[in-house]
$ cat input09.txt   # compact mmCIF, C-alpha atoms and all ligand atoms
# COMPACT_ATOMS: atom_id res chain seq x y z
CA MET O 1 26.50 -26.03 -260.07
CA THR O 2 28.07 -23.01 -261.79
CA PRO O 3 29.62 -20.32 -259.58
CA THR O 4 26.86 -17.87 -260.60
CA ALA O 5 24.07 -20.31 -259.76
CA ARG O 6 25.76 -21.08 -256.48
CA GLN O 7 26.11 -17.36 -255.83
CA SER O 8 22.47 -16.58 -256.61
CA GLY O 9 21.37 -19.56 -254.53
CA LEU O 10 23.51 -18.28 -251.71
CA LYS O 11 22.13 -14.79 -252.24
CA SER O 12 18.49 -15.85 -252.00
CA TRP O 13 19.31 -17.92 -248.92
CA LEU O 14 21.08 -14.92 -247.47
CA ASP O 15 18.19 -12.60 -248.37
CA ALA O 16 15.74 -14.93 -246.66
CA GLY O 17 18.00 -15.01 -243.63
CA LEU O 18 18.36 -11.25 -243.59
CA ARG O 19 14.62 -10.78 -243.86
CA PHE O 20 14.22 -13.06 -240.87
CA PHE O 21 16.63 -11.03 -238.79
CA TYR O 22 15.86 -7.66 -240.34
CA PRO O 23 12.20 -7.85 -241.28
CA ASP O 24 12.15 -4.20 -242.45
CA ALA O 25 10.86 -5.15 -245.88
CA CYS O 26 8.01 -3.73 -247.93
CA GLN O 27 4.94 -5.76 -247.03
CA LEU O 28 3.51 -5.45 -250.55
CA CYS O 29 6.34 -6.63 -252.81
CA TYR O 30 8.67 -8.11 -250.13
CA SER O 31 11.64 -7.12 -252.28
CA GLU O 32 12.63 -3.66 -251.10
CA PRO O 33 13.38 -2.11 -247.74
CA ALA O 34 10.67 -0.30 -245.78
CA THR O 35 10.44 0.73 -242.15
CA ALA O 36 7.73 0.79 -239.50
CA SER O 37 7.40 4.57 -239.77
CA GLU O 38 6.70 4.20 -243.50
CA GLY O 39 3.98 1.66 -242.75
CA TYR O 40 6.11 -1.01 -244.46
CA VAL O 41 5.46 0.32 -247.94
CA GLY O 42 8.71 0.77 -249.88
CA ALA O 43 9.70 3.61 -252.20
CA ARG O 44 9.09 1.61 -255.37
CA CYS O 45 5.54 0.64 -254.39
CA TRP O 46 4.95 4.24 -253.30
CA GLN O 47 5.48 5.31 -256.92
CA SER O 48 2.20 3.71 -258.00
CA VAL O 49 0.21 5.89 -255.58
CA ARG O 50 -1.74 8.55 -257.48
CA PHE O 51 -2.60 11.68 -255.53
CA ILE O 52 -5.80 13.34 -256.72
CA LYS O 53 -5.20 16.68 -258.41
CA PRO O 54 -7.62 19.11 -260.06
CA PRO O 55 -9.73 19.04 -262.10
CA PHE O 56 -12.26 17.08 -260.09
CA CYS O 57 -15.98 17.22 -259.32
CA GLU O 58 -16.63 20.21 -257.05
CA CYS O 59 -18.99 18.15 -254.94
CA CYS O 60 -17.64 14.61 -254.53
CA GLY O 61 -14.03 15.09 -255.62
CA LEU O 62 -14.19 12.60 -258.48
CA PRO O 63 -11.14 13.23 -260.68
CA HIS O 64 -11.92 14.31 -264.21
CA GLU O 65 -9.72 13.56 -267.19
CA GLY O 66 -8.89 16.52 -269.37
CA GLU O 67 -9.54 20.23 -269.14
CA ILE O 68 -12.58 21.81 -267.53
CA THR O 69 -13.00 25.50 -267.20
CA THR O 70 -16.45 25.78 -265.64
CA ARG O 71 -17.73 24.45 -262.31
CA PHE O 72 -18.07 20.72 -262.80
CA GLU O 73 -20.51 18.30 -261.17
CA CYS O 74 -20.28 14.62 -262.07
CA ALA O 75 -23.07 12.17 -263.00
CA ASN O 76 -22.84 10.47 -259.59
CA CYS O 77 -23.62 13.75 -257.83
CA ARG O 78 -26.47 14.56 -260.18
CA GLU O 79 -28.08 11.19 -259.38
CA MET O 80 -27.34 11.00 -255.67
CA ASP O 81 -28.89 13.43 -253.26
CA LEU O 82 -25.70 14.06 -251.30
CA HIS O 83 -25.96 15.73 -247.89
CA PHE O 84 -22.35 16.80 -247.42
CA GLN O 85 -21.16 20.07 -248.94
CA SER O 86 -18.12 18.50 -250.50
CA ALA O 87 -15.89 15.45 -250.40
CA ARG O 88 -12.20 15.16 -251.10
CA ALA O 89 -9.86 12.18 -251.13
CA ALA O 90 -6.09 11.97 -250.98
CA VAL O 91 -5.47 9.30 -253.60
CA VAL O 92 -7.13 7.27 -256.32
CA ALA O 93 -8.30 3.88 -254.99
CA GLY O 94 -5.94 1.92 -257.24
CA GLN O 95 -5.01 -1.72 -256.82
CA LEU O 96 -2.17 -1.14 -254.36
CA VAL O 97 -4.05 1.24 -252.09
CA LEU O 98 -7.13 -1.01 -252.08
CA GLU O 99 -4.99 -4.01 -251.16
CA VAL O 100 -3.47 -2.08 -248.26
CA ILE O 101 -6.90 -0.91 -247.05
CA HIS O 102 -8.33 -4.42 -247.34
CA ARG O 103 -5.50 -6.03 -245.38
CA TYR O 104 -5.56 -3.21 -242.81
CA LYS O 105 -9.30 -3.50 -242.24
CA TYR O 106 -10.07 -7.17 -242.57
CA GLN O 107 -6.77 -8.85 -241.68
CA ARG O 108 -5.74 -6.44 -238.93
CA ALA O 109 -2.57 -5.48 -240.80
CA LEU O 110 -2.15 -2.50 -238.51
CA TRP O 111 1.44 -1.90 -239.57
CA PHE O 112 0.04 -0.27 -242.74
CA GLU O 113 -1.60 2.46 -240.69
CA PRO O 114 1.29 4.99 -240.87
CA PHE O 115 1.19 4.68 -244.67
CA LEU O 116 -2.57 5.29 -244.92
CA ALA O 117 -2.50 8.07 -242.34
CA ASP O 118 0.40 9.70 -244.19
CA LEU O 119 -1.58 9.78 -247.45
CA LEU O 120 -4.57 11.37 -245.70
CA VAL O 121 -2.52 13.90 -243.74
CA ARG O 122 -0.41 14.96 -246.73
CA ALA O 123 -3.53 15.86 -248.70
CA ALA O 124 -5.94 17.01 -246.00
CA ARG O 125 -3.71 19.03 -243.67
CA PRO O 126 -2.90 21.89 -246.09
CA ALA O 127 -6.55 22.05 -247.18
CA LEU O 128 -7.90 22.10 -243.62
CA ALA O 129 -5.40 24.73 -242.47
CA LYS O 130 -7.10 27.34 -244.69
CA GLU O 131 -10.32 27.36 -242.64
CA HIS O 132 -11.55 26.87 -239.09
CA TRP O 133 -13.03 23.45 -238.30
CA ASP O 134 -14.71 22.56 -235.01
CA MET O 135 -14.30 18.80 -235.04
CA ILE O 136 -13.29 15.67 -236.93
CA VAL O 137 -15.91 12.91 -236.82
CA PRO O 138 -15.07 9.39 -238.06
CA VAL O 139 -17.75 7.29 -239.79
CA PRO O 140 -18.82 5.01 -236.92
CA LEU O 141 -19.03 1.23 -237.00
CA HIS O 142 -21.99 -0.57 -235.49
CA PRO O 143 -20.99 -1.83 -231.98
CA LEU O 144 -21.43 -5.47 -233.11
CA LYS O 145 -19.10 -4.97 -236.03
CA LYS O 146 -16.60 -3.08 -233.92
CA ARG O 147 -16.50 -5.96 -231.44
CA GLU O 148 -15.90 -8.36 -234.30
CA ARG O 149 -13.21 -6.28 -236.02
CA GLU O 150 -11.77 -4.91 -232.75
CA PHE O 151 -11.12 -1.48 -234.23
CA ASN O 152 -12.71 1.14 -236.42
CA GLN O 153 -10.34 2.06 -239.24
CA ALA O 154 -12.07 5.42 -239.80
CA GLU O 155 -11.64 6.30 -236.13
CA ARG O 156 -7.94 5.44 -236.15
CA LEU O 157 -7.33 7.49 -239.31
CA ALA O 158 -9.36 10.38 -237.89
CA THR O 159 -7.22 10.31 -234.75
CA ARG O 160 -4.06 10.57 -236.88
CA LEU O 161 -5.53 13.49 -238.81
CA GLY O 162 -6.58 15.13 -235.54
CA GLU O 163 -3.02 14.87 -234.20
CA ALA O 164 -1.64 16.42 -237.37
CA THR O 165 -4.13 19.31 -237.56
CA GLU O 166 -4.99 19.89 -233.87
CA VAL O 167 -8.69 19.72 -234.75
CA PRO O 168 -10.43 17.75 -231.95
CA VAL O 169 -11.77 14.29 -232.84
CA ASN O 170 -15.31 13.56 -231.72
CA THR O 171 -16.46 9.92 -231.55
CA ARG O 172 -19.37 10.37 -229.18
CA GLU O 173 -22.11 12.18 -231.08
CA LEU O 174 -22.53 10.22 -234.30
CA ARG O 175 -23.58 6.59 -233.84
CA ARG O 176 -24.35 3.71 -236.17
CA VAL O 177 -27.69 2.37 -235.04
CA GLU O 178 -28.25 -0.29 -237.71
CA PRO O 179 -25.81 -3.07 -238.62
CA THR O 180 -25.99 -2.71 -242.41
CA ARG O 181 -24.76 -5.25 -244.92
CA THR O 182 -21.57 -4.50 -246.80
CA GLN O 183 -21.93 -2.02 -249.65
CA THR O 184 -19.45 -3.65 -252.00
CA LEU O 185 -21.86 -5.60 -254.22
CA LEU O 186 -24.74 -3.14 -254.18
CA THR O 187 -25.85 -0.73 -256.88
CA ARG O 188 -25.83 3.03 -256.29
CA GLU O 189 -29.55 3.06 -255.37
CA GLN O 190 -29.23 0.00 -253.11
CA ARG O 191 -26.26 1.56 -251.31
CA ALA O 192 -28.22 4.71 -250.54
CA ALA O 193 -31.23 2.73 -249.29
CA ASN O 194 -29.02 0.37 -247.26
CA VAL O 195 -27.52 3.14 -245.12
CA ARG O 196 -30.32 5.74 -245.17
CA HIS O 197 -31.37 5.11 -241.55
CA ALA O 198 -28.13 3.59 -240.30
CA PHE O 199 -26.84 6.67 -238.44
CA ALA O 200 -28.17 8.77 -235.58
CA ILE O 201 -26.96 11.53 -233.32
CA ARG O 202 -26.74 10.90 -229.60
CA ALA O 203 -29.83 12.25 -227.85
CA GLY O 204 -29.46 15.78 -226.53
CA CYS O 205 -26.34 16.49 -228.54
CA GLN O 206 -26.15 19.93 -230.13
CA LEU O 207 -24.08 20.59 -233.19
CA GLN O 208 -25.63 23.98 -233.91
CA GLY O 209 -23.45 25.99 -236.28
CA ARG O 210 -20.56 23.50 -236.11
CA ARG O 211 -18.21 22.92 -239.01
CA VAL O 212 -17.43 19.22 -239.23
CA ILE O 213 -14.86 17.10 -241.07
CA LEU O 214 -16.19 13.59 -241.62
CA VAL O 215 -13.49 10.93 -242.12
CA ASP O 216 -13.62 7.49 -243.74
CA ASP O 217 -11.15 5.20 -245.50
CA VAL O 218 -12.71 5.01 -248.99
CA LEU O 219 -15.44 6.95 -250.75
CA THR O 220 -17.22 5.24 -253.65
CA THR O 221 -20.69 6.62 -254.35
CA GLY O 222 -20.76 8.69 -251.15
CA ALA O 223 -23.87 6.90 -249.82
CA THR O 224 -22.41 6.15 -246.37
CA THR O 225 -20.81 9.54 -245.79
CA SER O 226 -23.93 11.26 -247.13
CA ALA O 227 -26.13 9.40 -244.61
CA CYS O 228 -23.74 10.48 -241.83
CA ALA O 229 -23.77 14.06 -243.10
CA ARG O 230 -27.56 14.08 -243.11
CA ALA O 231 -27.65 13.06 -239.43
CA LEU O 232 -25.03 15.68 -238.52
CA ARG O 233 -26.80 18.44 -240.40
CA ASN O 234 -30.19 17.50 -238.93
CA ALA O 235 -28.53 18.06 -235.54
CA GLY O 236 -27.57 21.57 -236.62
CA ALA O 237 -24.10 21.21 -238.16
CA ARG O 238 -23.53 24.15 -240.47
CA GLU O 239 -21.11 22.42 -242.77
CA VAL O 240 -19.97 18.83 -243.31
CA LYS O 241 -16.94 18.21 -245.45
CA VAL O 242 -15.76 14.67 -246.12
CA TRP O 243 -12.13 13.56 -246.28
CA THR O 244 -11.16 10.01 -247.20
CA VAL O 245 -7.84 8.34 -247.92
CA ALA O 246 -8.99 6.97 -251.26
CA ARG O 247 -11.57 7.66 -253.96
CA GLY O 248 -13.06 4.74 -255.87
CA LEU O 249 -13.53 5.49 -259.56
ZN ZN D 1 7.37 -2.62 -252.33
ZN ZN D 2 -19.41 14.32 -258.06

$ encode --input "input09.txt" --output "structure tokens"
Amino acid sequence: MTPTARQSGLKSWLDAGLRFFYPDACQLCYSEPATASEGYVGARCWQSVRFIKPPFCECCGLPHEGEITTRFECANCREMDLHFQSARAAVVAGQLVLEVIHRYKYQRALWFEPFLADLLVRAARPALAKEHWDMIVPVPLHPLKKREREFNQAERLATRLGEATEVPVNTRELRRVEPTRTQTLLTREQRAANVRHAFAIRAGCQLQGRRVILVDDVLTTGATTSACARALRNAGAREVKVWTVARGL
């Protein structure tokens, strides 16, 4: 064995040992340092995160390539009958962010939460500070699904946003009354039909004149958040604005 080979062999053995004793490594590439407060996403992986900047669709926040000078509404919004006033997302749902969300949601990789919450807070806090909001409402899970998954990712992210903005989080009024099938493989029309009657407001609850921030992890066509917004507005909410961590393109 050459000295270099021996050295690199020793180095990888040492690295493995160090990772065992000091497991503060990025949980995406496993080859750079990252801490618990960073949600175990290292600086290099962070660089592939794309924050959404204007121009984007006025209604659903879909980023638009190139210059636009007039008010712009995308094809998705023209086809969907969306019930929220507007939706904004912190970042583009690229490969890295989607992997984090998937592992967080379905594999209980809760250590990613500070990373996801950080993305949401960085983008939403300055925007929310400009106006008065009465409450933050997370998209609810059906009780059966919540029992299965043990947590609602939207609720946890909403709580983080609530702490950062001091807007109270309300998890009591909006309920998911139908256990719907997953939206992933459905078309735009099927998604809307799948969730149309999935949400309801707790009986006797009054949201008259309230300005509500609705929070979810990802927005794709907006079918789920729109169905929530419809229920909230039917109960009297004056305005429903959606904030999500990521925006599917
Ligand atoms: Zn990394
Ligand atoms: Zn749009």

$ closest_residue --input "input09.txt" --among "O:Leu110, O:Ala87, O:Ala43, O:Val218" --to "ligand ZN 2 (chain D)" --atoms "only C-alpha atoms and all ligand atoms"
O:Ala87

$ closest_residue --input "input09.txt" --among "O:Thr70, O:Gln27, O:Asn234, O:Thr220" --to "Ala89 in chain O" --atoms "all atoms listed in the file"
O:Thr220

$ residues_around --input "input09.txt" --residues "Leu28 in chain O" --least-positions-apart "4" --cutoff "8 Å" --atoms "all atoms listed in the file" --output "MDAnalysis selection string"
chainID O and resid 40:41 45

$ residues_near_ligand --input "input09.txt" --ligand "ligand ZN 1 (chain D)" --cutoff "12 Å" --atoms "only C-alpha atoms and all ligand atoms" --output "compact mmCIF listing (two decimals) with C-alpha atoms, keeping the file's coordinate frame"
# COMPACT_ATOMS: atom_id res chain seq x y z
CA ASP O 24 12.15 -4.20 -242.45
CA ALA O 25 10.86 -5.15 -245.88
CA CYS O 26 8.01 -3.73 -247.93
CA GLN O 27 4.94 -5.76 -247.03
CA LEU O 28 3.51 -5.45 -250.55
CA CYS O 29 6.34 -6.63 -252.81
CA TYR O 30 8.67 -8.11 -250.13
CA SER O 31 11.64 -7.12 -252.28
CA GLU O 32 12.63 -3.66 -251.10
CA PRO O 33 13.38 -2.11 -247.74
CA ALA O 34 10.67 -0.30 -245.78
CA THR O 35 10.44 0.73 -242.15
CA GLU O 38 6.70 4.20 -243.50
CA GLY O 39 3.98 1.66 -242.75
CA TYR O 40 6.11 -1.01 -244.46
CA VAL O 41 5.46 0.32 -247.94
CA GLY O 42 8.71 0.77 -249.88
CA ALA O 43 9.70 3.61 -252.20
CA ARG O 44 9.09 1.61 -255.37
CA CYS O 45 5.54 0.64 -254.39
CA TRP O 46 4.95 4.24 -253.30
CA GLN O 47 5.48 5.31 -256.92
CA SER O 48 2.20 3.71 -258.00
CA VAL O 49 0.21 5.89 -255.58
CA LEU O 96 -2.17 -1.14 -254.36
CA VAL O 100 -3.47 -2.08 -248.26

$ residues_around --input "input09.txt" --residues "range 208-215 of chain O" --least-positions-apart "6" --cutoff "7 Å" --atoms "all atoms listed in the file" --output "ChimeraX atom specification"
/O:133-139,154,158,235-244

$ write_last_selection --input "input09.txt" --atoms "C-alpha atoms" --output "PDB file, in the coordinates of the input"
ATOM      1  CA  TRP O 133     -13.030  23.450-238.300  1.00  0.00           C
ATOM      2  CA  ASP O 134     -14.710  22.560-235.010  1.00  0.00           C
ATOM      3  CA  MET O 135     -14.300  18.800-235.040  1.00  0.00           C
ATOM      4  CA  ILE O 136     -13.290  15.670-236.930  1.00  0.00           C
ATOM      5  CA  VAL O 137     -15.910  12.910-236.820  1.00  0.00           C
ATOM      6  CA  PRO O 138     -15.070   9.390-238.060  1.00  0.00           C
ATOM      7  CA  VAL O 139     -17.750   7.290-239.790  1.00  0.00           C
ATOM      8  CA  ALA O 154     -12.070   5.420-239.800  1.00  0.00           C
ATOM      9  CA  ALA O 158      -9.360  10.380-237.890  1.00  0.00           C
ATOM     10  CA  ALA O 235     -28.530  18.060-235.540  1.00  0.00           C
ATOM     11  CA  GLY O 236     -27.570  21.570-236.620  1.00  0.00           C
ATOM     12  CA  ALA O 237     -24.100  21.210-238.160  1.00  0.00           C
ATOM     13  CA  ARG O 238     -23.530  24.150-240.470  1.00  0.00           C
ATOM     14  CA  GLU O 239     -21.110  22.420-242.770  1.00  0.00           C
ATOM     15  CA  VAL O 240     -19.970  18.830-243.310  1.00  0.00           C
ATOM     16  CA  LYS O 241     -16.940  18.210-245.450  1.00  0.00           C
ATOM     17  CA  VAL O 242     -15.760  14.670-246.120  1.00  0.00           C
ATOM     18  CA  TRP O 243     -12.130  13.560-246.280  1.00  0.00           C
ATOM     19  CA  THR O 244     -11.160  10.010-247.200  1.00  0.00           C
TER      20      THR O 244
END

$ decode --input "input09.txt" --residues "range 121-247 of chain O" --atoms "C-alpha atoms" --output "mmCIF file, in the first residue's frame"
data_model
loop_
_atom_site.group_PDB
_atom_site.id
_atom_site.type_symbol
_atom_site.label_atom_id
_atom_site.label_comp_id
_atom_site.auth_asym_id
_atom_site.auth_seq_id
_atom_site.Cartn_x
_atom_site.Cartn_y
_atom_site.Cartn_z
ATOM 1 C CA VAL O 121 -40.002 32.147 8.363
ATOM 2 C CA ARG O 122 -37.322 33.899 6.294
ATOM 3 C CA ALA O 123 -39.798 34.492 3.472
ATOM 4 C CA ALA O 124 -43.101 34.882 5.307
ATOM 5 C CA ARG O 125 -42.158 36.949 8.357
ATOM 6 C CA PRO O 126 -41.222 40.179 6.509
ATOM 7 C CA ALA O 127 -44.315 39.851 4.301
ATOM 8 C CA LEU O 128 -46.679 39.235 7.224
ATOM 9 C CA ALA O 129 -45.227 42.089 9.277
ATOM 10 C CA LYS O 130 -46.651 44.626 6.793
ATOM 11 C CA GLU O 131 -50.278 43.852 7.681
ATOM 12 C CA HIS O 132 -52.419 42.729 10.591
ATOM 13 C CA TRP O 133 -53.359 39.033 10.653
ATOM 14 C CA ASP O 134 -55.764 37.484 13.148
ATOM 15 C CA MET O 135 -54.616 33.881 13.026
ATOM 16 C CA ILE O 136 -52.474 31.222 11.380
ATOM 17 C CA VAL O 137 -54.389 28.059 10.469
ATOM 18 C CA PRO O 138 -52.525 24.916 9.353
ATOM 19 C CA VAL O 139 -54.066 22.614 6.721
ATOM 20 C CA PRO O 140 -55.485 19.850 8.941
ATOM 21 C CA LEU O 141 -54.906 16.126 8.573
ATOM 22 C CA HIS O 142 -57.765 13.684 8.926
ATOM 23 C CA PRO O 143 -57.671 12.195 12.483
ATOM 24 C CA LEU O 144 -57.000 8.699 11.055
ATOM 25 C CA LYS O 145 -54.033 9.938 9.084
ATOM 26 C CA LYS O 146 -52.737 11.958 12.010
ATOM 27 C CA ARG O 147 -52.836 8.857 14.206
ATOM 28 C CA GLU O 148 -50.912 6.954 11.554
ATOM 29 C CA ARG O 149 -48.299 9.651 10.938
ATOM 30 C CA GLU O 150 -48.236 10.844 14.574
ATOM 31 C CA PHE O 151 -47.863 14.484 13.602
ATOM 32 C CA ASN O 152 -49.184 17.047 11.170
ATOM 33 C CA GLN O 153 -46.297 18.693 9.346
ATOM 34 C CA ALA O 154 -48.408 21.744 8.454
ATOM 35 C CA GLU O 155 -49.316 22.233 12.112
ATOM 36 C CA ARG O 156 -45.695 22.030 13.243
ATOM 37 C CA LEU O 157 -44.563 24.521 10.589
ATOM 38 C CA ALA O 158 -47.466 26.828 11.439
ATOM 39 C CA THR O 159 -46.424 26.739 15.095
ATOM 40 C CA ARG O 160 -42.885 27.787 14.130
ATOM 41 C CA LEU O 161 -44.243 30.629 12.012
ATOM 42 C CA GLY O 162 -46.549 31.661 14.852
ATOM 43 C CA GLU O 163 -43.604 31.847 17.260
ATOM 44 C CA ALA O 164 -41.650 33.984 14.810
ATOM 45 C CA THR O 165 -44.482 36.407 13.999
ATOM 46 C CA GLU O 166 -46.540 36.380 17.230
ATOM 47 C CA VAL O 167 -49.673 35.691 15.191
ATOM 48 C CA PRO O 168 -51.760 33.135 17.140
ATOM 49 C CA VAL O 169 -52.047 29.632 15.658
ATOM 50 C CA ASN O 170 -55.536 28.177 15.517
ATOM 51 C CA THR O 171 -55.927 24.408 15.078
ATOM 52 C CA ARG O 172 -59.464 24.061 16.393
ATOM 53 C CA GLU O 173 -61.786 25.598 13.812
ATOM 54 C CA LEU O 174 -60.782 24.000 10.519
ATOM 55 C CA ARG O 175 -61.183 20.222 10.390
ATOM 56 C CA ARG O 176 -60.604 17.557 7.774
ATOM 57 C CA VAL O 177 -63.794 15.536 7.668
ATOM 58 C CA GLU O 178 -62.954 13.170 4.807
ATOM 59 C CA PRO O 179 -59.851 10.977 4.567
ATOM 60 C CA THR O 180 -58.920 11.760 0.963
ATOM 61 C CA ARG O 181 -56.492 9.786 -1.163
ATOM 62 C CA THR O 182 -53.098 11.284 -1.855
ATOM 63 C CA GLN O 183 -53.051 13.994 -4.509
ATOM 64 C CA THR O 184 -49.692 13.108 -6.010
ATOM 65 C CA LEU O 185 -50.856 11.064 -9.006
ATOM 66 C CA LEU O 186 -54.039 12.974 -9.764
ATOM 67 C CA THR O 187 -54.721 15.478 -12.524
ATOM 68 C CA ARG O 188 -55.637 19.081 -11.735
ATOM 69 C CA GLU O 189 -59.380 18.365 -12.079
ATOM 70 C CA GLN O 190 -59.172 15.152 -10.023
ATOM 71 C CA ARG O 191 -57.282 16.969 -7.270
ATOM 72 C CA ALA O 192 -59.965 19.622 -6.992
ATOM 73 C CA ALA O 193 -62.761 17.022 -6.907
ATOM 74 C CA ASN O 194 -60.857 14.840 -4.413
ATOM 75 C CA VAL O 195 -60.675 17.550 -1.737
ATOM 76 C CA ARG O 196 -63.784 19.615 -2.544
ATOM 77 C CA HIS O 197 -65.754 18.388 0.488
ATOM 78 C CA ALA O 198 -62.822 17.300 2.632
ATOM 79 C CA PHE O 199 -62.814 20.297 4.999
ATOM 80 C CA ALA O 200 -65.350 21.786 7.385
ATOM 81 C CA ILE O 201 -65.474 24.416 10.080
ATOM 82 C CA ARG O 202 -66.292 23.380 13.627
ATOM 83 C CA ALA O 203 -69.975 23.967 14.352
ATOM 84 C CA GLY O 204 -70.740 27.316 15.927
ATOM 85 C CA CYS O 205 -67.360 28.790 15.096
ATOM 86 C CA GLN O 206 -67.380 32.379 13.861
ATOM 87 C CA LEU O 207 -64.639 33.744 11.695
ATOM 88 C CA GLN O 208 -66.539 36.890 10.715
ATOM 89 C CA GLY O 209 -64.183 39.508 9.312
ATOM 90 C CA ARG O 210 -61.050 37.539 10.264
ATOM 91 C CA ARG O 211 -57.855 37.723 8.259
ATOM 92 C CA VAL O 212 -56.324 34.267 8.084
ATOM 93 C CA ILE O 213 -52.942 32.857 7.053
ATOM 94 C CA LEU O 214 -53.304 29.262 5.889
ATOM 95 C CA VAL O 215 -50.110 27.179 6.130
ATOM 96 C CA ASP O 216 -49.046 23.992 4.352
ATOM 97 C CA ASP O 217 -45.745 22.384 3.363
ATOM 98 C CA VAL O 218 -46.083 22.361 -0.447
ATOM 99 C CA LEU O 219 -48.468 24.007 -2.884
ATOM 100 C CA THR O 220 -48.881 22.379 -6.298
ATOM 101 C CA THR O 221 -52.171 23.233 -8.011
ATOM 102 C CA GLY O 222 -53.632 24.852 -4.888
ATOM 103 C CA ALA O 223 -56.582 22.418 -4.755
ATOM 104 C CA THR O 224 -56.139 21.508 -1.072
ATOM 105 C CA THR O 225 -55.512 25.025 0.202
ATOM 106 C CA SER O 226 -58.335 26.343 -1.973
ATOM 107 C CA ALA O 227 -60.789 23.844 -0.429
ATOM 108 C CA CYS O 228 -59.639 24.970 3.041
ATOM 109 C CA ALA O 229 -59.988 28.613 2.053
ATOM 110 C CA ARG O 230 -63.523 27.991 0.808
ATOM 111 C CA ALA O 231 -64.534 26.534 4.188
ATOM 112 C CA LEU O 232 -62.901 29.432 6.054
ATOM 113 C CA ARG O 233 -64.520 32.059 3.875
ATOM 114 C CA ASN O 234 -67.933 30.384 4.103
ATOM 115 C CA ALA O 235 -67.548 30.799 7.870
ATOM 116 C CA GLY O 236 -67.023 34.530 7.382
ATOM 117 C CA ALA O 237 -63.254 34.949 7.035
ATOM 118 C CA ARG O 238 -62.591 38.205 5.218
ATOM 119 C CA GLU O 239 -59.288 37.204 3.738
ATOM 120 C CA VAL O 240 -57.344 33.955 3.380
ATOM 121 C CA LYS O 241 -53.741 34.120 2.317
ATOM 122 C CA VAL O 242 -51.731 30.941 1.849
ATOM 123 C CA TRP O 243 -48.086 30.492 2.815
ATOM 124 C CA THR O 244 -46.193 27.296 2.042
ATOM 125 C CA VAL O 245 -42.552 26.309 2.347
ATOM 126 C CA ALA O 246 -42.311 25.182 -1.258
ATOM 127 C CA ARG O 247 -44.017 25.748 -4.602
#
